[in-house]
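K.L.:
Supplied in structure tokens, the structure appears directly below.
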Amino acid sequence: MSIEVIKPGLLTSLQDAGRRGYAQLGLGRAGAVDEPSMQLANALVGNAGDEAVLEITLAGPTLRFQQDAVVALTGGLIEGRVEGQALPAWTSCFLPAGSVLRLGGMRHGCRSYLAVRGGFDCTPVLGSRSTDLHAGVGPLQGKAVQAGDMLAIGEHAAAPWFQSTQGMQALRWGLDPQPWLDYERAPLALLRGHHADALDEASQRALFSQRFMLSKDSNRTGCRLDGAPLQLRQSLELISEATLPGTLQLPPSGQPILLLAEAPVTGGYPRIGQLAAVDLPRLAQRRPGDTVSFRETTLDEALQRLGEREAALRRLLQRIEQRLESA
Amino acid sequence: MTFALADLPIEALAEDAWLLRFGDTIDTAVNDRVHAAAARLQANLGGVECVPAYASLLLRFDVAQWLGDDGRFSAERLRAAIAAAWDAGSSTGKTPREVSIPVCYGGDAGADLHEVAAHAGMSADEVVRRHVAALYRVAMLGFAPGFPYLLGLDHALAVPRRSHPRIRVPAGSVAIGGQQTGIYPQALPGGWHLIGRTPVCLFDLAAASPSLLQPGDHVRFRAIDEREYERLAASAGL
């Protein structure tokens with residue numbers, strides 16, 4: 001008994017909080033690009049925060065549920081229908097066995113997260129159920145979800161907040177996607193990188209003033225940012241050193257790349273910036289063709305905002321747990 | 001190999017990542033210091049991930065583990081813990097593990113061996129002799145899981161990368177790129193010159209320790225013939 005993938009969508013993969021401790025062997029963490037959305041999806045079905053979820057990109061999959069399931073959709077706003085009935089997002093929903101969930105195009109954002117009560121059950125690879133598509137490591141042989149895949153649901157108790165198992169149901173309450181989903185599109189906070197000073201003066205100004213466009217070549221490894229090329233005062237002979245999700249690097253083309261969850265563990269391009277961790281999920285929800293701009297931040301401000309976001313997330317996760325228990 | 005941690009520039013890369021720099025060259029002596037430091041810190045600094053590169057060491061930590069009395073991240077606490085771990089460690093690096101890797105040189109497995117020989121102005125046999133004679137150091141792993149960047153190549157064998165990278169380099173290929181040599185753990189695109197192939201599996205997801213090579217390991221290559229390659233490949237289940 002499991003979930004059958006009828007159509008995979010544009011790019012759908014299993015992700016959790018990531019694979020830790022293998023960077024020194026050349027393998028990065030991978031994991032959900034928008035981690036708070038992944039945690040909130042899990043919370044809405046009563047899972048621990050780090051169960052595997054489906055990360056859905058721009059156009060969603062069609063899934064047939066062979067067993068009763070409790071699901072939640074968070075992240076980017078995607079059209080979801082079950083037998084013609086709209087599936088509400090950012091809440092907990094019950095789907096009876098036999099339901100076909102059709103997830104369509106994304107109205108806002110770039111990545112949605114579908115959690116199922118019990119989690120997607122697959123054998124962890126090196127301690128994680130995340131898929132590193134670039135390295136080919138993870139569940140489903142390290143590949144994206146394909147038509148015909150059967151996704152098992154982990155063991156779980158029935159959700160006490162759904163009394164009936166007749167037809168699709170949803171809770172009467174849901175979460176406000178804000179502030180978790182970015183509607184304002186304010187500039188993203190960027191720390192100056194080690195080589196920012198090596199940019200020529202015009203490029204240093206442009207980094208914090210021009211609007212870049214996300215190229216269609218963007219993926220889970222990184223967002224390619226198109227714009228007037230950034231130039232170094234003189235070329236740098238660099239040796240490879242660590243790169244991270246959020247690192248803004250500058251290849252010779254002058255079009256910077258902002259690395260995401262599947263960032264390579266080392267790189268030899270100049271590092272001109274580092275996105276504040278708190279703004280990574282905001283970037284994760286921009287799509288090819290969207291624009292981004294940066295404002296300069298400090299490590300203190302970045303740490304403070306991260307601390308505030310983590311505290312707010314913990315409070316919300318607790319509140320969800322309490323509300324589900326009291327239902 | 002004694003040096004004060006205080007002399008090392010530490011750069012905060014991100015909220016949860018610091019970088020220790022030991023130099024800015026690809027150099028065995030600098031890289032030795034990186035691995036000695038990594039061993040020292042790894043043994044005594046719980047919860048901090050150490051990722052060595054050529055001349056730098058990344059420390060990745062959990063911000064929530066290093067809070068001060070005010071509940072905010074305390075750089076001082078982390079810095080003090082790093083200094084304490086440093087002082088608790090031995091000042092001499094431990095002797096590196098030595099791994100022997102069998103390689104079938106030339107032929108289909110090493111399609112660029114003759115090109116490398118022509119570039120170096122020596123015979124193919126001499127290239128193999130020199131490649132086998134050297135002791136290599138795993139400077140770091142990267143590019144792909146388990147891909148070792150090896151320092152110690154005979155200078156005479158250095159050859160610039162191919163102008164047209166291959167779309168698919170077979171798994172196990174032993175290659176030379178610039179002043180370095182390396183091994184492709186899986187089929188990958190690549191621009192290095194292929195001089196041979198090993199039947200040994202470099203990265204096995206099912207193994208408790210998935211990578212055959214660890215950062216800092218020493219490596220020696222051993223020339224084998226095609227029959228030996230086939231025999232080893234069969235016993236490895238390839």
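Each chain of the structure tokens is named A, B, ... in the order shown, its residues numbered from 1; ligands are numbered from 1 in display order.
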Using only C-alpha atoms, I'd like every residue of chain A that has an atom within 10 Å of chain B; please write them out as a PyMOL selection string.
P.N.:
chain A and resi 20-28+125-126+134-138+191-194+237-247+264-267+271+273-278+299-300+302-304+306-307+310
K.L.:
Contacts of A:Leu73 at 6 Å or less, counting only C-alpha atoms, minus same-chain residues fewer than 2 places along, as a ChimeraX atom specification?
P.N.:
/A:41,89-90,113-114
K.L.:
So which bits of stretch 58-257 of chain A end up helix (DSSP H, G or I) when you DSSP the backbone, as a list in words?
P.N.:
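Put together, the selection reads Pro139, Leu140, Gln141, Gly142, Ala196, Asp197, Ala198, Glu201, Ala202, Ser203, Gln204, Arg205, Ala206 and Leu207 of chain A.
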K.L.:
Out of stretch 68-105 of chain A, which residues get strand (DSSP E or B) from DSSP, as a PyMOL selection string?
P.N.:
chain A and resi 69-82+85-86+92-95+100-105
K.L.:
Quick one: everything within 12 Å of stretch 139-151 of chain A, counting only C-alpha atoms, minus sequence neighbours fewer than 3 positions away in the same chain. Send it as number ranges by chain.
P.N.:
A: 1-16, 30-31, 52-57, 60-67, 116, 118-136, 154, 220; B: 205
K.L.:
Put those residues in a file: C-alpha atoms, as a PDB file, in the first residue's frame.
P.N.:
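Wrote selection01.pdb, looks like this:
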ATOM      1  CA  MET A   1       0.000   0.000   0.000  1.00  0.00           C
ATOM      2  CA  SER A   2       1.483   3.271  -1.032  1.00  0.00           C
ATOM      3  CA  ILE A   3       1.196   6.245  -3.332  1.00  0.00           C
ATOM      4  CA  GLU A   4       1.496   5.647  -7.062  1.00  0.00           C
ATOM      5  CA  VAL A   5       3.098   8.355  -9.178  1.00  0.00           C
ATOM      6  CA  ILE A   6       0.955   8.760 -12.291  1.00  0.00           C
ATOM      7  CA  LYS A   7       2.690  11.912 -13.530  1.00  0.00           C
ATOM      8  CA  PRO A   8       5.908  13.177 -11.926  1.00  0.00           C
ATOM      9  CA  GLY A   9       5.483  16.920 -12.553  1.00  0.00           C
ATOM     10  CA  LEU A  10       8.356  19.105 -13.717  1.00  0.00           C
ATOM     11  CA  LEU A  11      10.831  18.139 -10.990  1.00  0.00           C
ATOM     12  CA  THR A  12       9.635  16.347  -7.873  1.00  0.00           C
ATOM     13  CA  SER A  13      12.028  14.779  -5.386  1.00  0.00           C
ATOM     14  CA  LEU A  14      12.077  13.341  -1.877  1.00  0.00           C
ATOM     15  CA  GLN A  15      13.789  15.677   0.602  1.00  0.00           C
ATOM     16  CA  ASP A  16      14.287  16.002   4.327  1.00  0.00           C
ATOM     17  CA  ALA A  30      21.071  18.446  -0.192  1.00  0.00           C
ATOM     18  CA  GLY A  31      17.656  18.569   1.536  1.00  0.00           C
ATOM     19  CA  ALA A  52      10.872  13.124   4.114  1.00  0.00           C
ATOM     20  CA  VAL A  53       8.458  15.206   2.032  1.00  0.00           C
ATOM     21  CA  LEU A  54       8.011  15.722  -1.692  1.00  0.00           C
ATOM     22  CA  GLU A  55       9.612  18.890  -3.014  1.00  0.00           C
ATOM     23  CA  ILE A  56       7.594  19.964  -6.040  1.00  0.00           C
ATOM     24  CA  THR A  57       8.926  22.449  -8.596  1.00  0.00           C
ATOM     25  CA  GLY A  60       3.076  19.333  -9.723  1.00  0.00           C
ATOM     26  CA  PRO A  61       2.684  15.574  -9.962  1.00  0.00           C
ATOM     27  CA  THR A  62      -0.452  13.443 -10.179  1.00  0.00           C
ATOM     28  CA  LEU A  63      -0.590  10.901  -7.357  1.00  0.00           C
ATOM     29  CA  ARG A  64      -2.960   8.005  -6.692  1.00  0.00           C
ATOM     30  CA  PHE A  65      -3.371   7.153  -3.021  1.00  0.00           C
ATOM     31  CA  GLN A  66      -3.823   3.403  -2.532  1.00  0.00           C
ATOM     32  CA  GLN A  67      -4.539   3.891   1.148  1.00  0.00           C
ATOM     33  CA  VAL A 116       2.084  12.753   4.364  1.00  0.00           C
ATOM     34  CA  GLY A 118       3.852   8.793   8.673  1.00  0.00           C
ATOM     35  CA  GLY A 119       6.335  10.289   6.224  1.00  0.00           C
ATOM     36  CA  PHE A 120       7.476   8.874   2.909  1.00  0.00           C
ATOM     37  CA  ASP A 121       9.025   5.584   3.932  1.00  0.00           C
ATOM     38  CA  CYS A 122      12.299   4.847   2.191  1.00  0.00           C
ATOM     39  CA  THR A 123      15.643   3.571   3.428  1.00  0.00           C
ATOM     40  CA  PRO A 124      17.893   6.449   4.450  1.00  0.00           C
ATOM     41  CA  VAL A 125      21.070   6.740   2.384  1.00  0.00           C
ATOM     42  CA  LEU A 126      24.023   7.850   4.539  1.00  0.00           C
ATOM     43  CA  GLY A 127      21.596   8.881   7.240  1.00  0.00           C
ATOM     44  CA  SER A 128      19.174  10.929   5.160  1.00  0.00           C
ATOM     45  CA  ARG A 129      16.146  10.561   2.894  1.00  0.00           C
ATOM     46  CA  SER A 130      17.186  13.574   0.846  1.00  0.00           C
ATOM     47  CA  THR A 131      17.834  13.265  -2.841  1.00  0.00           C
ATOM     48  CA  ASP A 132      21.054  14.790  -4.167  1.00  0.00           C
ATOM     49  CA  LEU A 133      20.096  14.909  -7.830  1.00  0.00           C
ATOM     50  CA  HIS A 134      23.517  16.153  -8.894  1.00  0.00           C
ATOM     51  CA  ALA A 135      25.494  13.440  -7.096  1.00  0.00           C
ATOM     52  CA  GLY A 136      22.838  10.789  -7.700  1.00  0.00           C
ATOM     53  CA  GLY A 154       5.527   5.148   6.920  1.00  0.00           C
ATOM     54  CA  ARG A 220      18.716  22.935  -6.862  1.00  0.00           C
TER      55      ARG A 220
ATOM     56  CA  LEU B 205      26.930   4.071  -0.582  1.00  0.00           C
TER      57      LEU B 205
END
K.L.:
Show which residues sit within 12 Å of stretch 164-170 of chain B, as a PyMOL selection string. Count only C-alpha atoms, and ignore same-chain residues fewer than 2 positions away.
P.N.:
chain B and resi 108-112+160-162+172-175+177+183-199
K.L.:
Kindly save the residues from that selection, with C-alpha atoms included, as an mmCIF file, in the first residue's frame.
P.N.:
data_model
loop_
_atom_site.group_PDB
_atom_site.id
_atom_site.type_symbol
_atom_site.label_atom_id
_atom_site.label_comp_id
_atom_site.auth_asym_id
_atom_site.auth_seq_id
_atom_site.Cartn_x
_atom_site.Cartn_y
_atom_site.Cartn_z
ATOM 1 C CA ASP B 108 41.337 1.793 -23.860
ATOM 2 C CA ALA B 109 41.458 2.460 -20.136
ATOM 3 C CA GLY B 110 44.047 5.217 -20.524
ATOM 4 C CA ALA B 111 43.189 6.753 -23.868
ATOM 5 C CA ASP B 112 45.345 9.863 -23.307
ATOM 6 C CA PRO B 160 47.172 21.329 -19.041
ATOM 7 C CA ARG B 161 43.559 20.157 -19.006
ATOM 8 C CA ARG B 162 41.965 19.069 -22.282
ATOM 9 C CA GLY B 172 37.637 4.294 -12.110
ATOM 10 C CA SER B 173 39.532 6.443 -14.629
ATOM 11 C CA VAL B 174 42.897 7.652 -13.331
ATOM 12 C CA ALA B 175 43.702 11.038 -14.800
ATOM 13 C CA GLY B 177 44.891 17.576 -14.803
ATOM 14 C CA ILE B 183 40.432 9.195 -9.874
ATOM 15 C CA TYR B 184 36.832 9.435 -11.160
ATOM 16 C CA PRO B 185 34.704 7.463 -8.659
ATOM 17 C CA GLN B 186 31.758 7.258 -11.071
ATOM 18 C CA ALA B 187 31.072 8.079 -14.719
ATOM 19 C CA LEU B 188 31.261 11.869 -14.933
ATOM 20 C CA PRO B 189 32.023 14.632 -17.373
ATOM 21 C CA GLY B 190 35.689 15.564 -17.129
ATOM 22 C CA GLY B 191 38.529 17.537 -18.656
ATOM 23 C CA TRP B 192 41.530 15.658 -17.276
ATOM 24 C CA HIS B 193 43.756 13.339 -19.330
ATOM 25 C CA LEU B 194 42.985 9.653 -18.824
ATOM 26 C CA ILE B 195 46.068 7.503 -18.317
ATOM 27 C CA GLY B 196 44.564 4.342 -16.822
ATOM 28 C CA ARG B 197 41.735 2.780 -14.859
ATOM 29 C CA THR B 198 41.360 1.100 -11.488
ATOM 30 C CA PRO B 199 38.940 -1.758 -10.776
#
K.L.:
Record the distance separating atom CA of A:Pro229 and atom CA of A:Gly289, expressed in Å with one decimal.
P.N.:
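Atom CA of A:Pro229 sits 17.0 Å away from atom CA of A:Gly289.
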K.L.:
Return the single residue from A:Asp290, A:Asp50, A:Glu308, A:Glu79 that is closest to A:Arg107, with distances computed using only C-alpha atoms.
P.N.:
A:Glu79
K.L.:
Could you tell me which of B:Asp125, B:Leu67, B:Leu113, B:Ala223 comes closest to B:Ile101 if we count only C-alpha atoms?
P.N.:
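Ranking B:Asp125, B:Leu67, B:Leu113, B:Ala223 by distance to B:Ile101, first place goes to B:Ala223.
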K.L.:
Do a neighbour search on A:Gln85 at 12 Å with only C-alpha atoms, toss out local chain neighbours closer than 6 positions, and write the hits as a list in words.
P.N.:
Glu79, Leu95, Ser99, Val100, Leu101, Arg102, Leu103, Gly167, Met168, Gln169 and Ala170 of chain A
K.L.:
Measuring atom to atom with only C-alpha atoms, identify which of A:Glu51, A:Asp226, A:Asp34, A:Glu325 is nearest to A:Ala115.
P.N.:
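That would be A:Glu51, the residue with the smallest distance to A:Ala115.
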K.L.:
Would you pick out the contacts of A:His108 at 10 Å or less, using only C-alpha atoms, so that residues sharing its chain but fewer than 4 positions from it are not included, and give the list as a VMD selection string?
P.N.:
chain A and resid 58 75 to 78 112 181 to 183 285 to 287
K.L.:
Would you put the residues from that selection into a file with N, CA and C atoms, as a compact mmCIF listing (two decimals), in the first residue's frame?
P.N.:
# COMPACT_ATOMS: atom_id res chain seq x y z
N LEU A 58 7.42 24.06 -9.57
CA LEU A 58 6.64 24.79 -10.60
C LEU A 58 5.39 24.08 -11.13
N GLY A 75 4.60 25.85 1.20
CA GLY A 75 5.52 26.44 0.22
C GLY A 75 4.75 27.18 -0.86
N GLY A 76 5.26 27.16 -2.07
CA GLY A 76 4.64 27.86 -3.19
C GLY A 76 3.18 27.44 -3.36
N LEU A 77 2.35 28.39 -3.82
CA LEU A 77 0.91 28.12 -3.93
C LEU A 77 0.63 27.41 -5.25
N ILE A 78 0.17 26.17 -5.13
CA ILE A 78 -0.03 25.32 -6.30
C ILE A 78 -1.49 24.89 -6.37
N SER A 112 6.79 23.75 -3.84
CA SER A 112 5.80 23.36 -2.83
C SER A 112 6.29 22.10 -2.13
N LEU A 181 5.93 32.52 3.12
CA LEU A 181 6.00 32.68 1.68
C LEU A 181 6.12 34.18 1.41
N ASP A 182 7.13 34.54 0.62
CA ASP A 182 7.50 35.94 0.44
C ASP A 182 6.62 36.58 -0.64
N TYR A 183 5.75 37.51 -0.22
CA TYR A 183 4.93 38.21 -1.22
C TYR A 183 5.53 39.56 -1.59
N GLN A 285 11.95 30.47 -3.37
CA GLN A 285 10.60 30.63 -3.94
C GLN A 285 10.57 31.58 -5.14
N ARG A 286 11.73 32.12 -5.54
CA ARG A 286 11.77 32.88 -6.79
C ARG A 286 11.92 31.88 -7.93
N ARG A 287 11.33 32.21 -9.06
CA ARG A 287 11.38 31.27 -10.18
C ARG A 287 12.13 31.88 -11.36
